[in-house]
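K.L.:
My questions all concern the structure below.
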Amino acid sequence: MLIVDDDRSNRVLMRHNLPGEEVDIVEASNGQQALAACREHEFALILLDVRMPVMDGFELAAALSNDALTREIPIIFVTAAGDDLTRIKGYAFGAVDYMAKPLNEQVLASKLRVFVELWRSKRQLHLLLGVLEERNKKLEEEISERRRIETLVRHQAQHDALTSLPNRILFLDRLDTALERAARHHENFALLYIDIDGFKPVNDNHGHQVGDELLRHIGQRLSRNVRKTDTVSRLGGDEFAIVLEEIASPRAALQLGLKMCEVLAVPYALEMPEGPVSVRIGASIGISIFPDHGRSRDDLINAADAAMYRAKRGGKNHAVLAEAPSGSSSVTLIRDRLAARL
């Protein structure tokens, strides 16, 4: 607590009437000393005489109110003047209370006790708010970490660990979404089933580590040659699938399938710990179209799968469009083979 008064006897009186609890007292006989004390201590209350030489109480209160570190300190003005204008002026300068001289010891002690308790309550609240803020911060960090883990687990559950492509679970979900959207907007989309030709010899001749690296490169090549709205998935082993949204025509889907055969047939230069490895593979691709080859997930998958096996039986490394279901309008089978076969 800071007592500011140029009269020593008043300072002694105010000191003797402080509450019985332990309170640290700092005294100042003028405004300059008071400002210096405020820079060194944190005060719960200032008892401030109004009339002092050089810098009076109003001027000191104005200086304190302009400083962010001291503007919140409550001030009780102590003065011999008891007129209302003086009181109003004191409140304008930030006073929370007013006491007239000569001071009533009992009133002074009672008021000081109240302000000390208010300060202690405020300090305790500040500490509690600090603890609460720290707990909230930790809780936010825990929630953020939990969300990160949940996102990671969800991603791992829906993506292939080797290629980071959508796995069968996410593929089926994207396929169902494409079915709903195409049916609602009367649009076409294509499903490409891809089986890698010549993958087993790579594993047998070079080992599974090279095979895994090859699968990663295959996934990257497929992803680079489709739109962001399309879905490239690894279904397992050396089988991949692509959902092509909003295709212009079945022929456009077939052309993309043929392009994928060309892209995948380019030799792979794999950087391995033991040194570079060069491999070549091909791809047999079956293509089904919604709604020409089915209006359900199973119908489209079966049609694309059957077309893919027809591509394999026909010599591999080419793309085949599915045949029209029996009983439906005829759909022309479009089939092409690449000149360079594996």
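Quick note on naming: the chains in the structure tokens go A, B, ... in the order shown, residues restart at 1 in each chain, and ligands are numbered from 1 in order of appearance.
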So that I can check the surroundings of region 158-164 of chain A, please list as a ChimeraX atom specification every protein, DNA and RNA residue that reaches within 10 Å of it, counting only C-alpha atoms and ignoring chain neighbours fewer than 2 positions away.
P.N.:
/A:152-156,166-171,173,212-220,233-236
K.L.:
For Leu244 (chain A), list every protein, DNA or RNA residue within 7 Å, evaluated using only C-alpha atoms, and leave out those in the same chain fewer than 6 positions away; present the list as a PyMOL selection string.
P.N.:
chain A and resi 189-191+230-231
K.L.:
Smallest atom-to-atom distance to Arg71 (chain A): which of A:Val12, A:Ala304, A:Cys38, A:Leu258, using only C-alpha atoms?
P.N.:
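That would be A:Cys38, the residue with the smallest distance to Arg71 (chain A).
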K.L.:
List as a Markdown table every residue of region 289-328 of chain A that is in contact with region 263-274 of chain A, defined as an atom at most 12 Å from one of its atoms (using only C-alpha atoms), together with the nearest atom pair and the distance in Å rounded to one decimal, sorted by chain and then rising number.
P.N.:
| residue | atom | partner | partner_atom | distance |
| --- | --- | --- | --- | --- |
| A:Lys316 | CA | A:Ala265 | CA | 11.4 |
| A:Asn317 | CA | A:Ala265 | CA | 8.0 |
| A:His318 | CA | A:Ala265 | CA | 10.3 |
K.L.:
Would you put the residues from that selection into a file with C-alpha atoms, as a PDB file, in the first residue's frame?
P.N.:
ATOM      1  CA  LYS A 316      -2.571 -57.899 -72.320  1.00  0.00           C
ATOM      2  CA  ASN A 317      -1.367 -54.289 -72.273  1.00  0.00           C
ATOM      3  CA  HIS A 318      -4.520 -52.793 -73.731  1.00  0.00           C
TER       4      HIS A 318
END
K.L.:
Got a sec: who's within 9 Å of region 282-294 of chain A, counting only C-alpha atoms, leaving out chain neighbours fewer than 3 positions off, as a ChimeraX atom specification?
P.N.:
/A:179,182-183,187-199,249-250,253-254,257-258,260-262,264-266,297-312,315-325,328-329,331,341-342
K.L.:
With C-alpha atoms retained, export the selected residues as a compact mmCIF listing (two decimals), in the first residue's frame.
P.N.:
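Okay, selection_22.txt is ready:
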# COMPACT_ATOMS: atom_id res chain seq x y z
CA LEU A 179 -23.41 -43.14 -58.59
CA ALA A 182 -24.62 -39.11 -61.76
CA ALA A 183 -28.14 -40.45 -61.19
CA GLU A 187 -24.59 -37.64 -66.07
CA ASN A 188 -22.18 -40.36 -67.16
CA PHE A 189 -19.06 -41.55 -65.39
CA ALA A 190 -16.59 -44.35 -66.02
CA LEU A 191 -14.98 -47.02 -63.88
CA LEU A 192 -11.53 -48.32 -64.89
CA TYR A 193 -10.27 -51.62 -63.45
CA ILE A 194 -6.47 -51.94 -63.87
CA ASP A 195 -4.39 -55.08 -63.43
CA ILE A 196 -0.62 -54.78 -63.83
CA ASP A 197 0.91 -57.15 -66.39
CA GLY A 198 4.35 -58.53 -65.58
CA PHE A 199 4.37 -57.49 -61.93
CA SER A 249 -18.49 -40.28 -73.98
CA PRO A 250 -17.54 -43.95 -73.67
CA ALA A 253 -13.05 -43.10 -71.35
CA LEU A 254 -11.50 -45.70 -73.64
CA GLY A 257 -7.60 -46.14 -70.73
CA LEU A 258 -5.35 -46.52 -73.77
CA MET A 260 -2.89 -45.13 -69.23
CA CYS A 261 -1.57 -48.28 -70.92
CA GLU A 262 1.02 -46.18 -72.72
CA LEU A 264 2.39 -47.35 -67.49
CA ALA A 265 4.40 -49.15 -70.18
CA VAL A 266 7.21 -46.56 -70.10
CA ARG A 297 -22.04 -50.52 -57.76
CA ASP A 298 -21.85 -54.29 -58.24
CA ASP A 299 -23.00 -54.15 -61.87
CA LEU A 300 -20.34 -51.57 -62.79
CA ILE A 301 -17.58 -53.40 -60.91
CA ASN A 302 -18.48 -56.76 -62.48
CA ALA A 303 -18.65 -55.24 -65.95
CA ALA A 304 -15.25 -53.50 -65.59
CA ASP A 305 -13.69 -56.63 -64.07
CA ALA A 306 -14.99 -58.82 -66.91
CA ALA A 307 -13.66 -56.34 -69.49
CA MET A 308 -10.27 -56.34 -67.79
CA TYR A 309 -10.04 -60.15 -68.03
CA ARG A 310 -11.00 -59.92 -71.69
CA ALA A 311 -8.09 -57.51 -72.14
CA LYS A 312 -5.75 -60.03 -70.51
CA GLY A 315 -2.94 -60.31 -75.25
CA LYS A 316 -2.57 -57.90 -72.32
CA ASN A 317 -1.37 -54.29 -72.27
CA HIS A 318 -4.52 -52.79 -73.73
CA ALA A 319 -7.88 -51.33 -72.68
CA VAL A 320 -11.31 -52.85 -73.34
CA LEU A 321 -14.74 -51.29 -73.00
CA ALA A 322 -17.34 -53.49 -71.30
CA GLU A 323 -20.03 -55.21 -73.32
CA ALA A 324 -23.62 -54.11 -73.03
CA PRO A 325 -25.68 -56.14 -70.56
CA SER A 328 -30.35 -53.79 -73.10
CA SER A 329 -29.76 -51.58 -76.10
CA VAL A 331 -23.41 -50.90 -77.05
CA ARG A 341 3.24 -55.59 -76.24
CA LEU A 342 5.19 -56.99 -73.32
K.L.:
Output as an MDAnalysis selection string all residues of region 22-169 of chain A that backbone DSSP marks as strand (DSSP E or B).
P.N.:
chainID A and resid 26:28 46:49 75:79 95:100 159 166
K.L.:
For the selection you just gave me, I'd like the residues written to a file as a JSON list (two decimals), in the first residue's frame, keeping N, CA and C atoms.
P.N.:
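The resulting again_13.json:
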[["chain", "number", "residue", "atom", "x", "y", "z"],
["A", 26, "VAL", "N", 4.52, 1.51, 1.85],
["A", 26, "VAL", "CA", 5.51, 2.39, 1.24],
["A", 26, "VAL", "C", 5.00, 3.82, 1.41],
["A", 27, "GLU", "N", 5.88, 4.73, 1.86],
["A", 27, "GLU", "CA", 5.48, 6.11, 2.07],
["A", 27, "GLU", "C", 6.18, 7.02, 1.07],
["A", 28, "ALA", "N", 5.48, 8.08, 0.69],
["A", 28, "ALA", "CA", 6.05, 9.11, -0.18],
["A", 28, "ALA", "C", 5.55, 10.46, 0.29],
["A", 46, "ILE", "N", -3.73, 3.17, -3.06],
["A", 46, "ILE", "CA", -2.96, 4.40, -2.81],
["A", 46, "ILE", "C", -3.81, 5.36, -2.00],
["A", 47, "LEU", "N", -3.30, 5.76, -0.82],
["A", 47, "LEU", "CA", -3.91, 6.83, -0.03],
["A", 47, "LEU", "C", -3.20, 8.12, -0.42],
["A", 48, "LEU", "N", -3.94, 9.01, -1.06],
["A", 48, "LEU", "CA", -3.31, 10.16, -1.72],
["A", 48, "LEU", "C", -3.85, 11.48, -1.19],
["A", 49, "ASP", "N", -2.93, 12.30, -0.64],
["A", 49, "ASP", "CA", -3.29, 13.64, -0.20],
["A", 49, "ASP", "C", -3.50, 14.51, -1.44],
["A", 75, "ILE", "N", -7.49, 4.51, -5.91],
["A", 75, "ILE", "CA", -6.97, 5.67, -5.17],
["A", 75, "ILE", "C", -8.05, 6.21, -4.24],
["A", 76, "ILE", "N", -7.67, 6.41, -2.97],
["A", 76, "ILE", "CA", -8.54, 7.11, -2.03],
["A", 76, "ILE", "C", -7.92, 8.49, -1.79],
["A", 77, "PHE", "N", -8.63, 9.54, -2.15],
["A", 77, "PHE", "CA", -8.14, 10.89, -1.91],
["A", 77, "PHE", "C", -8.38, 11.29, -0.45],
["A", 78, "VAL", "N", -7.38, 11.89, 0.12],
["A", 78, "VAL", "CA", -7.48, 12.39, 1.50],
["A", 78, "VAL", "C", -7.26, 13.90, 1.44],
["A", 79, "THR", "N", -8.23, 14.68, 1.92],
["A", 79, "THR", "CA", -8.13, 16.14, 1.81],
["A", 79, "THR", "C", -8.92, 16.83, 2.91],
["A", 95, "ALA", "N", -10.40, 8.61, -8.64],
["A", 95, "ALA", "CA", -10.59, 8.23, -7.24],
["A", 95, "ALA", "C", -11.74, 7.25, -7.10],
["A", 96, "VAL", "N", -11.56, 6.28, -6.21],
["A", 96, "VAL", "CA", -12.65, 5.34, -5.91],
["A", 96, "VAL", "C", -13.36, 5.70, -4.61],
["A", 97, "ASP", "N", -12.71, 6.57, -3.81],
["A", 97, "ASP", "CA", -13.32, 6.99, -2.55],
["A", 97, "ASP", "C", -12.66, 8.29, -2.11],
["A", 98, "TYR", "N", -13.28, 8.92, -1.10],
["A", 98, "TYR", "CA", -12.82, 10.21, -0.61],
["A", 98, "TYR", "C", -12.90, 10.19, 0.91],
["A", 99, "MET", "N", -11.85, 10.71, 1.57],
["A", 99, "MET", "CA", -11.89, 10.84, 3.03],
["A", 99, "MET", "C", -11.44, 12.26, 3.39],
["A", 100, "ALA", "N", -12.17, 12.86, 4.31],
["A", 100, "ALA", "CA", -11.88, 14.24, 4.71],
["A", 100, "ALA", "C", -11.05, 14.25, 6.00],
["A", 159, "HIS", "N", -6.79, -45.21, -46.68],
["A", 159, "HIS", "CA", -5.75, -45.07, -47.70],
["A", 159, "HIS", "C", -4.77, -46.24, -47.62],
["A", 166, "PRO", "N", -6.29, -43.83, -52.12],
["A", 166, "PRO", "CA", -7.48, -44.40, -51.48],
["A", 166, "PRO", "C", -7.48, -45.92, -51.60]]
K.L.:
Could you tell me how far CA of Arg123 (chain A) lies from CA of Glu140 (chain A), in Å and to one decimal?
P.N.:
25.3 Å
K.L.:
DSSP on the backbone, alpha helix (DSSP H) only: what residues of region 215-269 of chain A does that give? Format it as a PyMOL selection string.
P.N.:
chain A and resi 215-224+250-265
